[in-house]
Amino acid sequence: MCGIIGFCGYLDAKDVLLKGLAELEYRGYDSAGIACFTKDGIKTIRAVGKVANLANRLPAELESGCGIGHTRWATHGGVSEQNAHPHSCGKVTLIHNGIIENYHELAKELEETGRLPVSQTDTEIAAMLIDSFYEGDALSAIKKAVSRLEGAYAFCILFSDQKDAIYCIRKGSPLVACQSEEGCVVASDMVALLRYSKEYFVLPEFQVAKLTKHSITVTDLDGEPVAPVMLGIHWDMSAAQKNGFKHYMLKEIHEQPEALRRTIAPRMKKGEFLLPDFTEDGIPDKLFLDAKRIVIAACGTAMHAGLIGKILMERLLRLPVSVEIASEFRYADPILDEHSLVILVSQSGETADTLAALRLAKEKGAKTLSVVNVKGSSIARESDYVLYTHAGPEIAVASTKAYTAQLAAFYLLVLRFAYSMGKLSEQEVSSYMEELAAVGGHMEQVLEQKDTIKELSKRLTPSHDLFFIGRSLDYALAAEGSIKLKEISYIHSEAYAAGELKHGTLSLITGGVPVIALATQEDVFPKMISNVKEVRARGAMVVLITKEDNNAAIEQGICSEHLIIPAGNDMFAPFSAAVYLQLIAYYTSMYRGLDVDQPRNLAKSVTVE
Ligand code: F6R
């Protein structure tokens with residue numbers, strides 16, 4: 001949440017900052033602002049709304065080679081220009097991503113020194129605090145301030161008497177930096193660095209980076225030099241652009257077959273039979289062989305991937321698995337020990353609650369494995385083992401390709417460990433692997449049904465409520481279909497276990513209410529069809545999703561729209577069925593005239609609680 005960027009170098013700082021903010025805008029879009037060193041001192045410009053509004057306000061004559069920029073997702077204080085970053089106090093101007101939890105107490109203390117805030121933000125209090133300690137020595141002021149700050153933060157700080165230098169520090173919230181011939185850049189995430197370098201580093205917590213035009217120096221809080229660990233950037237600029245698609249979300253939906261290939265191929269080693277191989281990931285068989293219990297902790301869509309993972313693991317590994325919402329898990333005093341394996345799932349690898357769940361699991365002695373997309377992210381770095389999904393940058397706030405790549409990661413893990421635990425034979429694992437390798441092609445077939453989905457979505461556009469129903473894997477997928485639809489179309493939707501409807505929710509099913517019924521699982525197919533008939537009898541507009549091989553079993557008139565996924569083993573149906581649900585959400589949002597990629601009140605990479 002909140003995108004931050006700083007640049008010091010030989011390009012026009014305002015251009016670099018604006019480009020960077022546009023690339024980071026998915027992290028927050030309530031307001032944006034920049035502050036640059038100019039010949040007349042630090043100039044700050046802020047605007048409510050998107051980065052484009054800020055761009056319209058920037059004077060063409062603003063000349064600078066060093067500045068900081070911020071795109072905000074409001075936490076403390078409403079959406080207003082006054083609350084937009086950068087914030088200044090005395091000699092200090094800064095931008096912040098995170099939440100200062102003790103800002104109220106600090107504000108009271110600072111008031112006694114005559115410093116009164118003009119905004120309602122916690123960030124301005126941090127600027128006041130650093131300024132209160134500043135006597136010309138930036139490091140010393142930062143060190144003193146940090147000892148008083150509670151919460152999470154990534155700061156980029158300008159001191160008005162230290163022209164063309166940016167100081168950065170972080171705790172919890174991410175900051176990455178790189179250096180090129182054009183200058184030095186620091187940002188909340190690597191996407192904003194892609195155009196400048198193929199190498200970057202993650203600023204370690206509680207260490208200070210100082211950017212000047214030609215160097216980045218990193219020290220600890222006592223000024224001792226630290227050599228940052230350099231990481232390679234494997235994504236290129238085009239991966240983070242729309243490439244002819246109207247929205248990032250649509251592009252990312254289409255990228256799924258390729259993203260899955262990138263998740264699966266590196267682990268698909270052909271020997272005498274097909275068996276997932278995690279040698280290069282460094283994940284030993286022992287991890288699962290030693291586990292007596294598995295807990296999956298994550299948030300939102302990543303948690304929904306975990307719901308599928310749980311069904312697969314319980315089915316094939318015969319181990320007890322629970323799926324926990326990370327924000328609940330972290331405060332629940334969970335029962336964990338050295339025989340517990342906690343799997344954290346996160347696209348960004350920075351979600352604050354998932355990170356806290358990871359830290360708690362480690363504290364309690366559990367083994368940790370993370371399934372992460374962004375290389376070098378906090379969750380990846382702090383886990384005992386990491387399985388990268390390699391889905392490429394996901395820019396749309398609504399997660400699509402990261403979700404199906406997370407599913408693929410679960411299938412790979414389950415197949416490998418079911419084999420090493422002796423639960424699957426060589427032949428069985430090989431045949432499942434072939435099915436897994438085929439899902440990309442199945443998803444492509446569903447993508448060809450785009451026009452049907454467009455028409456269907458037009459019909460869904462006026463709905464106020466919508467229900468997704470399913471059983472088993474379909475129920476887990478229904479949860480994902482529902483979050484996708486509500487987050488970008490703003491239509492209220494709920495996912496229900498189909499058998500649970502008659503215990504309350506059926507009262508909401510009246511004439512014309514859309515119900516998306518997933519019926520891809522053979523073992524519960526007849527039950528599912530009975531549930532479809534129940535909602536149909538109450539006048540629901542039913543969209544039924546089944547496998548090609550179930551066509552014959554579908555009676556005339558049972559649904560208003562019948563969507564078909566390619567035939568194959570039921571266990572792999574969630575991949576292609578997910579594409580239908582993503583397309584329905586996408587086109588419904590589009591026909592409602594909404595901002596598909598940046599839905600209201602949301603942001604990607606939730607680095608605050
Ligand atoms: C929904 C969505 C969110 C994220 C959630 C976790 O489309 O994207 O629900 O899945 O915020 O984010 P990560 O995976 O980055 O931990």
# chains A, B, ... in the order shown; residues from 1 in each chain; ligands from 1
>>> select_by_dssp(residues="stretch 395-453 of chain A", states="helix (DSSP H, G or I)", output="JSON, numbers by chain")
{"A": [401, 402, 403, 404, 405, 406, 407, 408, 409, 410, 411, 412, 413, 414, 415, 416, 417, 418, 419, 420, 426, 427, 428, 429, 430, 431, 432, 433, 434, 435, 436, 437, 438, 439, 440, 441, 442, 443, 444, 445, 446, 447, 450, 451, 452, 453]}
>>> closest_atom_pairs(of="stretch 344-419 of chain A", to="stretch 134-154 of chain A", cutoff="12 Å", atoms="only C-alpha atoms", output="tab-separated table")
residue	atom	partner	partner_atom	distance
A:Glu350	CA	A:Ala152	CA	11.8
A:Thr351	CA	A:Ala152	CA	11.9
A:Ala352	CA	A:Ala152	CA	9.0
A:Asp353	CA	A:Ala152	CA	11.9
A:Ala356	CA	A:Ala152	CA	11.7
>>> write_last_selection(atoms="N, CA and C atoms", output="PDB file, in the first residue's frame")
ATOM      1  N   GLU A 350       4.800  -9.348   0.473  1.00  0.00           N
ATOM      2  CA  GLU A 350       4.932  -8.231   1.412  1.00  0.00           C
ATOM      3  C   GLU A 350       3.694  -8.027   2.264  1.00  0.00           C
ATOM      4  N   THR A 351       2.656  -8.830   2.071  1.00  0.00           N
ATOM      5  CA  THR A 351       1.411  -8.609   2.807  1.00  0.00           C
ATOM      6  C   THR A 351       1.695  -8.666   4.316  1.00  0.00           C
ATOM      7  N   ALA A 352       1.366  -7.573   5.008  1.00  0.00           N
ATOM      8  CA  ALA A 352       1.772  -7.425   6.414  1.00  0.00           C
ATOM      9  C   ALA A 352       1.266  -8.579   7.273  1.00  0.00           C
ATOM     10  N   ASP A 353       0.000  -8.975   7.086  1.00  0.00           N
ATOM     11  CA  ASP A 353      -0.557 -10.027   7.940  1.00  0.00           C
ATOM     12  C   ASP A 353       0.087 -11.385   7.641  1.00  0.00           C
ATOM     13  N   ALA A 356       3.440 -11.391   9.206  1.00  0.00           N
ATOM     14  CA  ALA A 356       3.343 -11.581  10.667  1.00  0.00           C
ATOM     15  C   ALA A 356       3.028 -13.048  10.987  1.00  0.00           C
TER      16      ALA A 356
END
>>> closest_atom_pairs(of="chain A", to="ligand 1", cutoff="7 Å", atoms="only C-alpha atoms and all ligand atoms", output="CSV")
residue,atom,partner,partner_atom_place_in_ligand_line,distance
A:Ala298,CA,ligand 1,16 (O),6.5
A:Cys299,CA,ligand 1,6 (C),4.6
A:Gly300,CA,ligand 1,9 (O),3.3
A:Thr301,CA,ligand 1,10 (O),3.7
A:Ala302,CA,ligand 1,10 (O),4.6
A:Val345,CA,ligand 1,14 (O),6.4
A:Ser346,CA,ligand 1,14 (O),3.4
A:Gln347,CA,ligand 1,14 (O),3.6
A:Ser348,CA,ligand 1,15 (O),3.6
A:Gly349,CA,ligand 1,15 (O),5.7
A:Glu350,CA,ligand 1,15 (O),6.3
A:Thr351,CA,ligand 1,16 (O),4.5
A:Thr354,CA,ligand 1,16 (O),6.6
A:Val397,CA,ligand 1,8 (O),5.6
A:Ala398,CA,ligand 1,7 (O),3.4
A:Ser399,CA,ligand 1,7 (O),3.9
A:Thr400,CA,ligand 1,7 (O),6.9
A:Ile483,CA,ligand 1,1 (C),6.6
A:Lys484,CA,ligand 1,7 (O),5.7
A:Lys604,CA,ligand 1,11 (O),6.3
A:Ser605,CA,ligand 1,15 (O),5.0
A:Val606,CA,ligand 1,11 (O),5.7
>>> residues_around(residues="A:Gly9", least_positions_apart="4", cutoff="9 Å", atoms="only C-alpha atoms", output="list of chain:residue names")
A:Ala13, A:Gly65, A:Cys66, A:Asp164, A:Glu181, A:Glu182, A:Gly183, A:Cys184, A:Val185, A:Thr212, A:Lys213, A:His214
>>> closest_residue(among="A:Ala402, A:Val446, A:Tyr103, A:Leu344", to="A:Ser383", atoms="only C-alpha atoms")
A:Leu344
>>> closest_residue(among="A:Leu594, A:Leu583, A:Leu317, A:Leu456", to="A:Ala418", atoms="only C-alpha atoms")
A:Leu317
>>> residues_around(residues="A:Leu94", least_positions_apart="2", cutoff="7 Å", atoms="only C-alpha atoms", output="list of chain:residue names")
A:Pro86, A:His87, A:Ser88, A:Val92, A:His96, A:Ala127, A:Phe155, A:Cys156, A:Ile157, A:Leu158
>>> residues_around(residues="A:Leu175", least_positions_apart="3", cutoff="7 Å", atoms="only C-alpha atoms", output="ChimeraX atom specification")
/A:154,170,186-189,202-203
>>> residues_around(residues="A:Ala265", least_positions_apart="5", cutoff="10 Å", atoms="only C-alpha atoms", output="PDB file with all heavy atoms, in the first residue's frame")
ATOM      1  N   LEU A 260       1.717 -20.228 -16.146  1.00  0.00           N
ATOM      2  CA  LEU A 260       1.714 -21.588 -15.599  1.00  0.00           C
ATOM      3  C   LEU A 260       2.905 -22.381 -16.108  1.00  0.00           C
ATOM      4  O   LEU A 260       3.531 -23.139 -15.373  1.00  0.00           O
ATOM      5  CB  LEU A 260       0.436 -22.321 -16.015  1.00  0.00           C
ATOM      6  CG  LEU A 260      -0.839 -21.937 -15.291  1.00  0.00           C
ATOM      7  CD1 LEU A 260      -1.911 -22.971 -15.541  1.00  0.00           C
ATOM      8  CD2 LEU A 260      -0.594 -21.844 -13.797  1.00  0.00           C
ATOM      9  N   PRO A 276       7.594 -33.968 -10.161  1.00  0.00           N
ATOM     10  CA  PRO A 276       8.083 -32.622  -9.847  1.00  0.00           C
ATOM     11  C   PRO A 276       9.389 -32.705  -9.058  1.00  0.00           C
ATOM     12  O   PRO A 276       9.556 -33.598  -8.216  1.00  0.00           O
ATOM     13  CB  PRO A 276       6.976 -32.030  -8.967  1.00  0.00           C
ATOM     14  CG  PRO A 276       5.782 -32.869  -9.179  1.00  0.00           C
ATOM     15  CD  PRO A 276       6.265 -34.234  -9.585  1.00  0.00           C
ATOM     16  N   ALA A 437       0.331 -30.431 -17.027  1.00  0.00           N
ATOM     17  CA  ALA A 437       0.970 -29.762 -18.168  1.00  0.00           C
ATOM     18  C   ALA A 437      -0.070 -29.364 -19.218  1.00  0.00           C
ATOM     19  O   ALA A 437       0.159 -28.452 -20.008  1.00  0.00           O
ATOM     20  CB  ALA A 437       2.017 -30.689 -18.781  1.00  0.00           C
TER      21      ALA A 437
END
>>> residues_around(residues="A:Val208", least_positions_apart="6", cutoff="8 Å", atoms="only C-alpha atoms", output="PyMOL selection string")
chain A and resi 139+167-169+218-221
>>> closest_residue(among="A:Arg318, A:Arg459, A:His503, A:His492", to="A:Val414", atoms="only C-alpha atoms")
A:Arg318
>>> select_by_dssp(residues="stretch 229-268 of chain A", states="strand (DSSP E or B)", output="PyMOL selection string")
chain A and resi 230-232+268
>>> write_last_selection(atoms="N, CA and C atoms", output="tab-separated table (two decimals), in the first residue's frame")
chain	number	residue	atom	x	y	z
A	230	MET	N	23.06	-8.01	-3.74
A	230	MET	CA	22.46	-7.67	-5.04
A	230	MET	C	21.64	-8.85	-5.57
A	231	LEU	N	20.49	-8.51	-6.18
A	231	LEU	CA	19.62	-9.53	-6.77
A	231	LEU	C	19.42	-9.19	-8.25
A	232	GLY	N	19.20	-10.22	-9.06
A	232	GLY	CA	18.97	-9.99	-10.49
A	232	GLY	C	17.50	-9.70	-10.75
A	268	MET	N	9.68	-29.50	-13.76
A	268	MET	CA	9.22	-30.70	-14.46
A	268	MET	C	10.43	-31.40	-15.04
>>> decode(residues="stretch 432-443 of chain A", atoms="all heavy atoms", output="compact mmCIF listing (two decimals), in the first residue's frame")
# COMPACT_ATOMS: atom_id res chain seq x y z
N TYR A 432 -0.79 -37.63 -13.52
CA TYR A 432 -1.25 -36.33 -12.99
C TYR A 432 -0.41 -35.19 -13.56
O TYR A 432 -0.90 -34.12 -13.87
CB TYR A 432 -1.14 -36.31 -11.46
CG TYR A 432 -2.27 -37.02 -10.73
CD1 TYR A 432 -2.00 -37.86 -9.67
CD2 TYR A 432 -3.60 -36.80 -11.08
CE1 TYR A 432 -3.03 -38.49 -8.97
CE2 TYR A 432 -4.63 -37.43 -10.38
CZ TYR A 432 -4.34 -38.27 -9.33
OH TYR A 432 -5.35 -38.88 -8.64
N MET A 433 0.89 -35.43 -13.68
CA MET A 433 1.77 -34.38 -14.21
C MET A 433 1.40 -34.06 -15.66
O MET A 433 1.47 -32.90 -16.08
CB MET A 433 3.24 -34.81 -14.11
CG MET A 433 3.83 -34.68 -12.72
SD MET A 433 3.80 -32.98 -12.10
CE MET A 433 5.20 -32.28 -12.96
N GLU A 434 1.03 -35.08 -16.40
CA GLU A 434 0.62 -34.81 -17.78
C GLU A 434 -0.65 -33.96 -17.81
O GLU A 434 -0.78 -33.04 -18.61
CB GLU A 434 0.39 -36.13 -18.53
CG GLU A 434 1.68 -36.64 -19.14
CD GLU A 434 1.61 -38.10 -19.56
OE1 GLU A 434 0.49 -38.59 -19.78
OE2 GLU A 434 2.67 -38.73 -19.63
N GLU A 435 -1.55 -34.26 -16.87
CA GLU A 435 -2.78 -33.46 -16.79
C GLU A 435 -2.43 -32.00 -16.44
O GLU A 435 -2.99 -31.07 -17.00
CB GLU A 435 -3.70 -33.99 -15.68
CG GLU A 435 -4.20 -35.39 -15.92
CD GLU A 435 -5.58 -35.41 -16.58
OE1 GLU A 435 -6.15 -34.33 -16.84
OE2 GLU A 435 -6.08 -36.52 -16.82
N LEU A 436 -1.48 -31.86 -15.51
CA LEU A 436 -1.10 -30.50 -15.09
C LEU A 436 -0.49 -29.73 -16.27
O LEU A 436 -0.77 -28.55 -16.47
CB LEU A 436 -0.12 -30.58 -13.91
CG LEU A 436 0.33 -29.25 -13.32
CD1 LEU A 436 -0.85 -28.44 -12.77
CD2 LEU A 436 1.34 -29.47 -12.18
N ALA A 437 0.33 -30.43 -17.03
CA ALA A 437 0.97 -29.76 -18.17
C ALA A 437 -0.07 -29.36 -19.22
O ALA A 437 0.16 -28.45 -20.01
CB ALA A 437 2.02 -30.69 -18.78
N ALA A 438 -1.23 -30.02 -19.20
CA ALA A 438 -2.25 -29.72 -20.22
C ALA A 438 -3.18 -28.57 -19.84
O ALA A 438 -3.92 -28.07 -20.68
CB ALA A 438 -3.09 -30.98 -20.47
N VAL A 439 -3.13 -28.12 -18.57
CA VAL A 439 -4.14 -27.13 -18.16
C VAL A 439 -3.99 -25.79 -18.89
O VAL A 439 -4.99 -25.12 -19.15
CB VAL A 439 -4.19 -26.89 -16.62
CG1 VAL A 439 -4.62 -28.13 -15.88
CG2 VAL A 439 -2.89 -26.35 -16.09
N GLY A 440 -2.76 -25.44 -19.26
CA GLY A 440 -2.56 -24.18 -20.00
C GLY A 440 -3.38 -24.20 -21.29
O GLY A 440 -4.05 -23.21 -21.64
N GLY A 441 -3.34 -25.32 -21.99
CA GLY A 441 -4.10 -25.46 -23.24
C GLY A 441 -5.60 -25.38 -22.98
O GLY A 441 -6.35 -24.75 -23.74
N HIS A 442 -6.05 -25.96 -21.88
CA HIS A 442 -7.48 -25.89 -21.54
C HIS A 442 -7.89 -24.45 -21.27
O HIS A 442 -8.98 -24.02 -21.65
CB HIS A 442 -7.76 -26.75 -20.30
CG HIS A 442 -7.62 -28.22 -20.57
ND1 HIS A 442 -7.73 -29.18 -19.60
CD2 HIS A 442 -7.38 -28.90 -21.72
CE1 HIS A 442 -7.56 -30.37 -20.13
NE2 HIS A 442 -7.33 -30.22 -21.41
N MET A 443 -7.00 -23.72 -20.60
CA MET A 443 -7.32 -22.31 -20.30
C MET A 443 -7.41 -21.52 -21.59
O MET A 443 -8.26 -20.63 -21.73
CB MET A 443 -6.25 -21.72 -19.37
CG MET A 443 -6.29 -22.33 -17.99
SD MET A 443 -4.80 -21.94 -17.08
CE MET A 443 -5.37 -20.69 -15.99
